[in-house]
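entry_0.cif follows (mmCIF, C-alpha atoms):
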data_work
#
loop_
_atom_site.group_PDB
_atom_site.id
_atom_site.type_symbol
_atom_site.label_atom_id
_atom_site.label_comp_id
_atom_site.auth_asym_id
_atom_site.auth_seq_id
_atom_site.Cartn_x
_atom_site.Cartn_y
_atom_site.Cartn_z
ATOM 1 C CA MET A 12 -35.739 -53.178 125.977
ATOM 2 C CA ASN A 13 -33.233 -50.925 127.665
ATOM 3 C CA LYS A 14 -30.060 -52.395 129.151
ATOM 4 C CA ARG A 15 -30.702 -50.911 132.580
ATOM 5 C CA LEU A 16 -34.020 -52.703 132.887
ATOM 6 C CA ILE A 17 -32.460 -55.996 131.792
ATOM 7 C CA LYS A 18 -29.759 -55.546 134.427
ATOM 8 C CA THR A 19 -32.372 -54.802 137.110
ATOM 9 C CA LEU A 20 -34.419 -57.839 136.109
ATOM 10 C CA ARG A 21 -31.346 -60.078 136.224
ATOM 11 C CA LYS A 22 -30.561 -58.775 139.708
ATOM 12 C CA MET A 23 -34.122 -59.598 140.773
ATOM 13 C CA GLY A 24 -33.581 -63.184 139.659
ATOM 14 C CA VAL A 25 -36.093 -62.993 136.796
ATOM 15 C CA ARG A 26 -35.733 -65.996 134.486
ATOM 16 C CA PHE A 27 -34.924 -65.237 130.867
ATOM 17 C CA TYR A 28 -36.363 -67.328 128.023
ATOM 18 C CA THR A 29 -36.631 -67.153 124.279
ATOM 19 C CA LEU A 30 -40.114 -67.820 122.869
ATOM 20 C CA LYS A 31 -38.873 -71.231 121.674
ATOM 21 C CA GLU A 32 -37.618 -72.145 125.155
ATOM 22 C CA TRP A 33 -40.875 -70.967 126.737
ATOM 23 C CA GLU A 34 -42.926 -73.053 124.317
ATOM 24 C CA LYS A 35 -40.767 -76.105 125.044
ATOM 25 C CA LYS A 36 -41.176 -75.583 128.781
ATOM 26 C CA GLU A 37 -44.958 -75.331 128.360
ATOM 27 C CA ARG A 38 -45.111 -78.494 126.269
ATOM 28 C CA GLU A 39 -43.077 -80.374 128.871
ATOM 29 C CA ARG A 40 -45.334 -79.108 131.674
ATOM 30 C CA ILE A 41 -48.466 -80.228 129.838
ATOM 31 C CA LEU A 42 -46.996 -83.619 128.962
ATOM 32 C CA LYS A 43 -46.167 -84.222 132.642
ATOM 33 C CA ILE A 44 -49.881 -84.083 133.512
ATOM 34 C CA PRO A 45 -51.565 -87.524 133.295
ATOM 35 C CA PRO A 46 -53.725 -87.789 130.129
ATOM 36 C CA GLY A 47 -57.016 -88.163 132.019
ATOM 37 C CA LYS A 48 -56.349 -85.083 134.113
ATOM 38 C CA ARG A 49 -55.170 -83.205 131.028
ATOM 39 C CA ILE A 50 -58.512 -83.870 129.327
ATOM 40 C CA ALA A 51 -60.426 -82.887 132.472
ATOM 41 C CA MET A 52 -58.429 -79.654 132.760
ATOM 42 C CA THR A 53 -59.011 -78.789 129.112
ATOM 43 C CA LEU A 54 -62.732 -79.401 129.428
ATOM 44 C CA TRP A 55 -62.863 -77.269 132.568
ATOM 45 C CA MET A 56 -61.069 -74.385 130.855
ATOM 46 C CA LEU A 57 -63.215 -74.756 127.757
ATOM 47 C CA ASN A 58 -66.277 -74.485 129.968
ATOM 48 C CA GLU A 59 -64.880 -71.368 131.678
ATOM 49 C CA ALA A 60 -64.175 -69.863 128.252
ATOM 50 C CA LYS A 61 -67.717 -70.700 127.104
ATOM 51 C CA LYS A 62 -69.145 -68.877 130.130
ATOM 52 C CA LEU A 63 -67.368 -65.744 128.936
ATOM 53 C CA SER A 64 -68.484 -66.001 125.324
ATOM 54 C CA PRO A 65 -71.237 -63.635 124.042
ATOM 55 C CA ARG A 66 -73.473 -66.552 123.037
ATOM 56 C CA HIS A 67 -73.538 -67.779 126.624
ATOM 57 C CA ARG A 68 -74.206 -64.349 128.127
ATOM 58 C CA MET B 11 -62.091 -89.299 152.521
ATOM 59 C CA LYS B 12 -59.730 -86.816 150.933
ATOM 60 C CA ARG B 13 -61.637 -84.001 149.176
ATOM 61 C CA LYS B 14 -60.429 -83.012 145.750
ATOM 62 C CA SER B 15 -60.428 -79.280 145.065
ATOM 63 C CA SER B 16 -61.874 -78.147 141.763
ATOM 64 C CA PRO B 17 -59.738 -76.037 139.413
ATOM 65 C CA PRO B 18 -60.157 -72.273 139.750
ATOM 66 C CA GLY B 19 -62.716 -70.386 137.678
ATOM 67 C CA ILE B 20 -63.105 -66.780 136.588
ATOM 68 C CA ALA B 21 -64.591 -65.799 139.970
ATOM 69 C CA ASP B 22 -61.552 -67.232 141.821
ATOM 70 C CA LEU B 23 -59.218 -65.361 139.503
ATOM 71 C CA LYS B 24 -61.105 -62.127 140.128
ATOM 72 C CA ARG B 25 -60.801 -62.698 143.885
ATOM 73 C CA VAL B 26 -57.001 -63.086 143.624
ATOM 74 C CA ILE B 27 -56.691 -59.918 141.531
ATOM 75 C CA THR B 28 -58.972 -57.945 143.850
ATOM 76 C CA ARG B 29 -56.781 -58.968 146.795
ATOM 77 C CA LEU B 30 -53.651 -57.817 144.934
ATOM 78 C CA ARG B 31 -55.337 -54.516 144.091
ATOM 79 C CA LYS B 32 -56.280 -53.976 147.719
ATOM 80 C CA GLN B 33 -52.665 -54.635 148.704
ATOM 81 C CA GLY B 34 -51.641 -52.008 146.164
ATOM 82 C CA VAL B 35 -49.262 -54.172 144.116
ATOM 83 C CA VAL B 36 -51.604 -54.333 141.126
ATOM 84 C CA LYS B 37 -53.136 -51.032 140.035
ATOM 85 C CA ASP B 38 -55.235 -52.230 137.105
ATOM 86 C CA TYR B 39 -55.904 -55.460 135.234
ATOM 87 C CA ALA B 40 -57.652 -56.988 132.232
ATOM 88 C CA LEU B 41 -58.191 -60.591 131.257
ATOM 89 C CA ALA B 42 -56.062 -61.496 128.232
ATOM 90 C CA GLY B 43 -55.168 -64.624 126.244
ATOM 91 C CA ALA B 44 -57.598 -67.364 125.268
ATOM 92 C CA LEU B 45 -60.218 -66.362 127.843
ATOM 93 C CA ALA B 46 -60.300 -62.818 126.486
ATOM 94 C CA MET B 47 -60.762 -64.283 123.001
ATOM 95 C CA ALA B 48 -63.706 -66.276 124.363
ATOM 96 C CA ALA B 49 -65.181 -63.076 125.759
ATOM 97 C CA TRP B 50 -65.056 -61.628 122.231
ATOM 98 C CA GLY B 51 -66.708 -64.710 120.758
ATOM 99 C CA TYR B 52 -63.909 -67.100 119.758
ATOM 100 C CA VAL B 53 -63.903 -70.047 122.147
ATOM 101 C CA ARG B 54 -60.910 -72.369 122.194
ATOM 102 C CA ALA B 55 -59.288 -74.534 124.845
ATOM 103 C CA THR B 56 -56.362 -73.234 126.868
ATOM 104 C CA THR B 57 -54.145 -74.431 129.675
ATOM 105 C CA ASP B 58 -53.626 -71.225 131.616
ATOM 106 C CA PHE B 59 -55.095 -67.885 132.648
ATOM 107 C CA ASP B 60 -53.450 -64.759 131.220
ATOM 108 C CA VAL B 61 -53.978 -61.403 132.870
ATOM 109 C CA LEU B 62 -52.534 -58.090 131.713
ATOM 110 C CA VAL B 63 -51.695 -56.056 134.805
ATOM 111 C CA LEU B 64 -50.538 -52.568 135.615
ATOM 112 C CA ALA B 65 -47.896 -53.093 138.273
ATOM 113 C CA ASP B 66 -44.510 -51.688 139.111
ATOM 114 C CA ILE B 67 -41.643 -53.927 137.994
ATOM 115 C CA ALA B 68 -39.936 -52.997 141.279
ATOM 116 C CA ASP B 69 -42.774 -54.862 143.021
ATOM 117 C CA ILE B 70 -41.831 -58.180 141.373
ATOM 118 C CA PRO B 71 -40.160 -59.529 144.557
ATOM 119 C CA ALA B 72 -43.268 -58.622 146.609
ATOM 120 C CA LEU B 73 -45.552 -60.323 144.065
ATOM 121 C CA GLU B 74 -43.345 -63.414 143.968
ATOM 122 C CA LYS B 75 -43.476 -63.641 147.752
ATOM 123 C CA ARG B 76 -47.254 -63.165 147.946
ATOM 124 C CA LEU B 77 -48.123 -65.527 145.119
ATOM 125 C CA PHE B 78 -45.273 -68.055 145.416
ATOM 126 C CA GLY B 79 -44.644 -67.298 141.773
ATOM 127 C CA LYS B 80 -41.657 -66.783 139.546
ATOM 128 C CA ALA B 81 -41.076 -63.850 137.228
ATOM 129 C CA PHE B 82 -39.944 -64.411 133.657
ATOM 130 C CA LEU B 83 -38.905 -62.465 130.611
ATOM 131 C CA ILE B 84 -39.481 -63.738 127.075
ATOM 132 C CA GLU B 85 -36.752 -61.957 125.216
ATOM 133 C CA ASP B 86 -37.905 -62.120 121.567
ATOM 134 C CA ILE B 87 -41.350 -60.700 122.290
ATOM 135 C CA ASP B 88 -40.145 -58.408 125.070
ATOM 136 C CA ALA B 89 -42.741 -59.665 127.536
ATOM 137 C CA ILE B 90 -42.282 -59.555 131.289
ATOM 138 C CA GLY B 91 -44.591 -61.791 133.278
ATOM 139 C CA LEU B 92 -45.020 -63.607 136.533
ATOM 140 C CA ARG B 93 -46.331 -67.140 136.704
ATOM 141 C CA PHE B 94 -47.996 -68.489 139.799
ATOM 142 C CA PHE B 95 -50.168 -71.501 140.418
ATOM 143 C CA HIS B 96 -53.642 -71.114 141.838
ATOM 144 C CA ARG B 97 -54.941 -74.518 142.900
ATOM 145 C CA ARG B 98 -52.335 -76.084 140.603
ATOM 146 C CA PHE B 99 -53.546 -74.022 137.656
ATOM 147 C CA PRO B 100 -51.039 -71.664 136.010
ATOM 148 C CA VAL B 101 -51.877 -67.965 136.021
ATOM 149 C CA ASP B 102 -49.633 -65.592 134.055
ATOM 150 C CA LEU B 103 -49.605 -61.953 135.091
ATOM 151 C CA MET B 104 -48.198 -59.965 132.169
ATOM 152 C CA PHE B 105 -46.809 -56.546 133.042
ATOM 153 C CA ALA B 106 -48.190 -53.767 130.843
ATOM 154 C CA ARG B 107 -45.383 -51.424 129.760
ATOM 155 C CA THR B 108 -45.880 -50.388 126.142
ATOM 156 C CA LYS B 109 -48.235 -47.671 124.917
ATOM 157 C CA ASP B 110 -50.524 -50.322 123.352
ATOM 158 C CA GLU B 111 -50.699 -52.345 126.553
ATOM 159 C CA LEU B 112 -51.462 -49.313 128.695
ATOM 160 C CA ALA B 113 -54.151 -48.205 126.245
ATOM 161 C CA ALA B 114 -55.607 -51.730 126.283
ATOM 162 C CA LEU B 115 -55.912 -51.574 130.065
ATOM 163 C CA LYS B 116 -57.487 -48.130 129.923
ATOM 164 C CA ASN B 117 -60.056 -49.112 127.281
ATOM 165 C CA ALA B 118 -60.804 -52.609 128.567
ATOM 166 C CA PRO B 119 -64.574 -53.213 128.762
ATOM 167 C CA TYR B 120 -66.263 -55.143 131.566
ATOM 168 C CA ARG B 121 -67.835 -58.551 131.022
ATOM 169 C CA SER B 122 -70.162 -60.315 133.431
ATOM 170 C CA VAL B 123 -69.704 -64.022 134.078
ATOM 171 C CA ALA B 124 -72.244 -65.579 136.445
ATOM 172 C CA GLY B 125 -72.425 -62.423 138.545
ATOM 173 C CA THR B 126 -68.705 -61.657 138.387
ATOM 174 C CA ARG B 127 -67.705 -58.505 136.543
ATOM 175 C CA ILE B 128 -64.272 -58.793 134.979
ATOM 176 C CA LYS B 129 -62.300 -56.513 132.665
ATOM 177 C CA VAL B 130 -61.281 -57.931 129.289
ATOM 178 C CA VAL B 131 -58.664 -56.528 126.893
ATOM 179 C CA PRO B 132 -60.093 -54.852 123.740
ATOM 180 C CA LEU B 133 -60.436 -56.868 120.532
ATOM 181 C CA ASP B 134 -58.054 -54.579 118.594
ATOM 182 C CA TYR B 135 -55.322 -55.210 121.148
ATOM 183 C CA LEU B 136 -55.820 -58.992 120.933
ATOM 184 C CA ILE B 137 -55.550 -58.866 117.134
ATOM 185 C CA SER B 138 -52.395 -56.746 117.271
ATOM 186 C CA THR B 139 -50.673 -59.133 119.717
ATOM 187 C CA LYS B 140 -51.623 -62.115 117.557
ATOM 188 C CA SER B 141 -50.306 -60.327 114.461
ATOM 189 C CA ARG B 142 -46.906 -59.778 116.079
ATOM 190 C CA SER B 143 -46.526 -63.412 117.137
ATOM 191 C CA LYS B 144 -44.991 -66.037 114.867
ATOM 192 C CA ARG B 145 -46.591 -69.046 116.547
ATOM 193 C CA GLY B 146 -48.887 -71.222 114.440
ATOM 194 C CA LYS B 147 -51.769 -71.135 116.907
ATOM 195 C CA ASP B 148 -51.612 -67.331 117.036
ATOM 196 C CA ARG B 149 -52.030 -67.153 113.267
ATOM 197 C CA ILE B 150 -55.221 -69.230 113.513
ATOM 198 C CA ASP B 151 -56.439 -67.064 116.412
ATOM 199 C CA ARG B 152 -55.799 -63.926 114.375
ATOM 200 C CA VAL B 153 -57.874 -65.180 111.442
ATOM 201 C CA GLU B 154 -60.805 -66.008 113.750
ATOM 202 C CA LEU B 155 -60.562 -62.690 115.608
ATOM 203 C CA LEU B 156 -60.518 -60.747 112.351
ATOM 204 C CA LYS B 157 -63.747 -62.495 111.310
ATOM 205 C CA ILE B 158 -65.330 -61.420 114.605
ATOM 206 C CA GLN B 159 -64.066 -57.864 114.127
ATOM 207 C CA ARG B 160 -65.681 -57.757 110.680
ATOM 208 C CA ILE B 161 -69.015 -58.986 112.104
ATOM 209 C CA LEU B 162 -68.913 -56.424 114.920
ATOM 210 C CA LYS B 163 -68.084 -53.605 112.490
ATOM 211 C CA LYS B 164 -71.002 -54.648 110.262
ATOM 212 C CA LYS B 165 -73.338 -54.661 113.265
ATOM 213 C CA LYS B 166 -72.164 -51.186 114.252
ATOM 214 C CA GLY B 167 -72.717 -49.991 110.691
ATOM 215 C CA LEU B 168 -76.345 -51.134 110.687
#
Take the structure in the file and give it back as structure tokens.
Amino acid sequence: MNKRLIKTLRKMGVRFYTLKEWEKKERERILKIPPGKRIAMTLWMLNEAKKLSPRHR
Amino acid sequence: MKRKSSPPGIADLKRVITRLRKQGVVKDYALAGALAMAAWGYVRATTDFDVLVLADIADIPALEKRLFGKAFLIEDIDAIGLRFFHRRFPVDLMFARTKDELAALKNAPYRSVAGTRIKVVPLDYLISTKSRSKRGKDRIDRVELLKIQRILKKKKGL
């Protein structure tokens, strides 16, 4: 990525992460959700994904 | 009694994107990530919505203000995105910049989900992004997507 763009993004206040940091952040976010809600959320998303799948259509 | 709101679905996501398109901050979009994989036939659970968007990076402050989101850059994979929460569910808008990403947006086919027509990134693009990633789950995704690609190619050949 060009240096000018990086500079612009920094000025905009864009947060910079490495993939490892992003993954860690995601894991922490998911672990903060209570287990019951986590399961409910996963099932909801799985259902949304199923709706999109060719077998469902 | 306090009413609990249900998590957003594909139709809600489409509504948000349509609003952003009307406001002119998003020019084009296509569903990416795990939901796009589902649209191609590989269903797996996910914890967020990923959308590839054609938007000007200069509009990041406007998008942040409208969506109460925060922009991010993942340095090693050179990805610029903006995360916002829609009914407490994370939605990642990924800014299309590379030739591949722009082509993916241009060639994205439509899929219908319960009356909602939504654009989905092409299978080839999904495979190429999974091939570039070093994450374990992406390797598994790639294997499954390649199997689907083989099946689709066979069908086309018939």
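Relative to atom CA of Ala106 of chain B, atom CA of Ala89 of chain B is found at 8.7 Å.
Between chain A and the residues B:Val36, B:Val123, B:Leu41, B:Ile158, the shortest atom-to-atom distance, using only C-alpha atoms, involves B:Val123.
Nearest to Met104 of chain B of all the residues B:Ile90, B:Ala81, B:Met47, B:Thr56 is B:Ile90, based on all atoms listed in the file.
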### Task
For chain B, list the residues within 8 Å of chain A, counting only C-alpha atoms, and write the list as a count of residues only.
30
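Taking only C-alpha atoms, the non-local environment of Leu30 of chain B within 12 Å (same-chain residues fewer than 2 positions away omitted) comprises Leu23, Lys24, Arg25, Val26, Ile27, Thr28, Lys32, Gln33, Gly34, Val35, Val36, Lys37, Asp38, Tyr39, Val63, Leu64, Ala65, Asp69, Ala72, Leu73, Glu74, Arg76, Leu77 and Leu103 of chain B.
Counting from atom CA of Gly91 of chain B, the distance to atom CA of Arg107 of chain B is 11.0 Å.
Atom CA of Ala46 of chain B is positioned 14.2 Å from atom CA of Glu111 of chain B.
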Neighbouring residues of Leu156 of chain B were defined as those with any atom within 12 Å, considering all atoms listed in the file; residues of the same chain fewer than 2 positions away were excluded. Please report them as a PDB file with C-alpha atoms, in the coordinates of the input.
ATOM      1  CA  MET B  47     -60.762 -64.283 123.001  1.00  0.00           C
ATOM      2  CA  TRP B  50     -65.056 -61.628 122.231  1.00  0.00           C
ATOM      3  CA  GLY B  51     -66.708 -64.710 120.758  1.00  0.00           C
ATOM      4  CA  TYR B  52     -63.909 -67.100 119.758  1.00  0.00           C
ATOM      5  CA  LEU B 133     -60.436 -56.868 120.532  1.00  0.00           C
ATOM      6  CA  ASP B 134     -58.054 -54.579 118.594  1.00  0.00           C
ATOM      7  CA  TYR B 135     -55.322 -55.210 121.148  1.00  0.00           C
ATOM      8  CA  LEU B 136     -55.820 -58.992 120.933  1.00  0.00           C
ATOM      9  CA  ILE B 137     -55.550 -58.866 117.134  1.00  0.00           C
ATOM     10  CA  SER B 138     -52.395 -56.746 117.271  1.00  0.00           C
ATOM     11  CA  LYS B 140     -51.623 -62.115 117.557  1.00  0.00           C
ATOM     12  CA  SER B 141     -50.306 -60.327 114.461  1.00  0.00           C
ATOM     13  CA  ARG B 149     -52.030 -67.153 113.267  1.00  0.00           C
ATOM     14  CA  ILE B 150     -55.221 -69.230 113.513  1.00  0.00           C
ATOM     15  CA  ASP B 151     -56.439 -67.064 116.412  1.00  0.00           C
ATOM     16  CA  ARG B 152     -55.799 -63.926 114.375  1.00  0.00           C
ATOM     17  CA  VAL B 153     -57.874 -65.180 111.442  1.00  0.00           C
ATOM     18  CA  GLU B 154     -60.805 -66.008 113.750  1.00  0.00           C
ATOM     19  CA  ILE B 158     -65.330 -61.420 114.605  1.00  0.00           C
ATOM     20  CA  GLN B 159     -64.066 -57.864 114.127  1.00  0.00           C
ATOM     21  CA  ARG B 160     -65.681 -57.757 110.680  1.00  0.00           C
ATOM     22  CA  ILE B 161     -69.015 -58.986 112.104  1.00  0.00           C
ATOM     23  CA  LEU B 162     -68.913 -56.424 114.920  1.00  0.00           C
ATOM     24  CA  LYS B 163     -68.084 -53.605 112.490  1.00  0.00           C
TER      25      LYS B 163
END
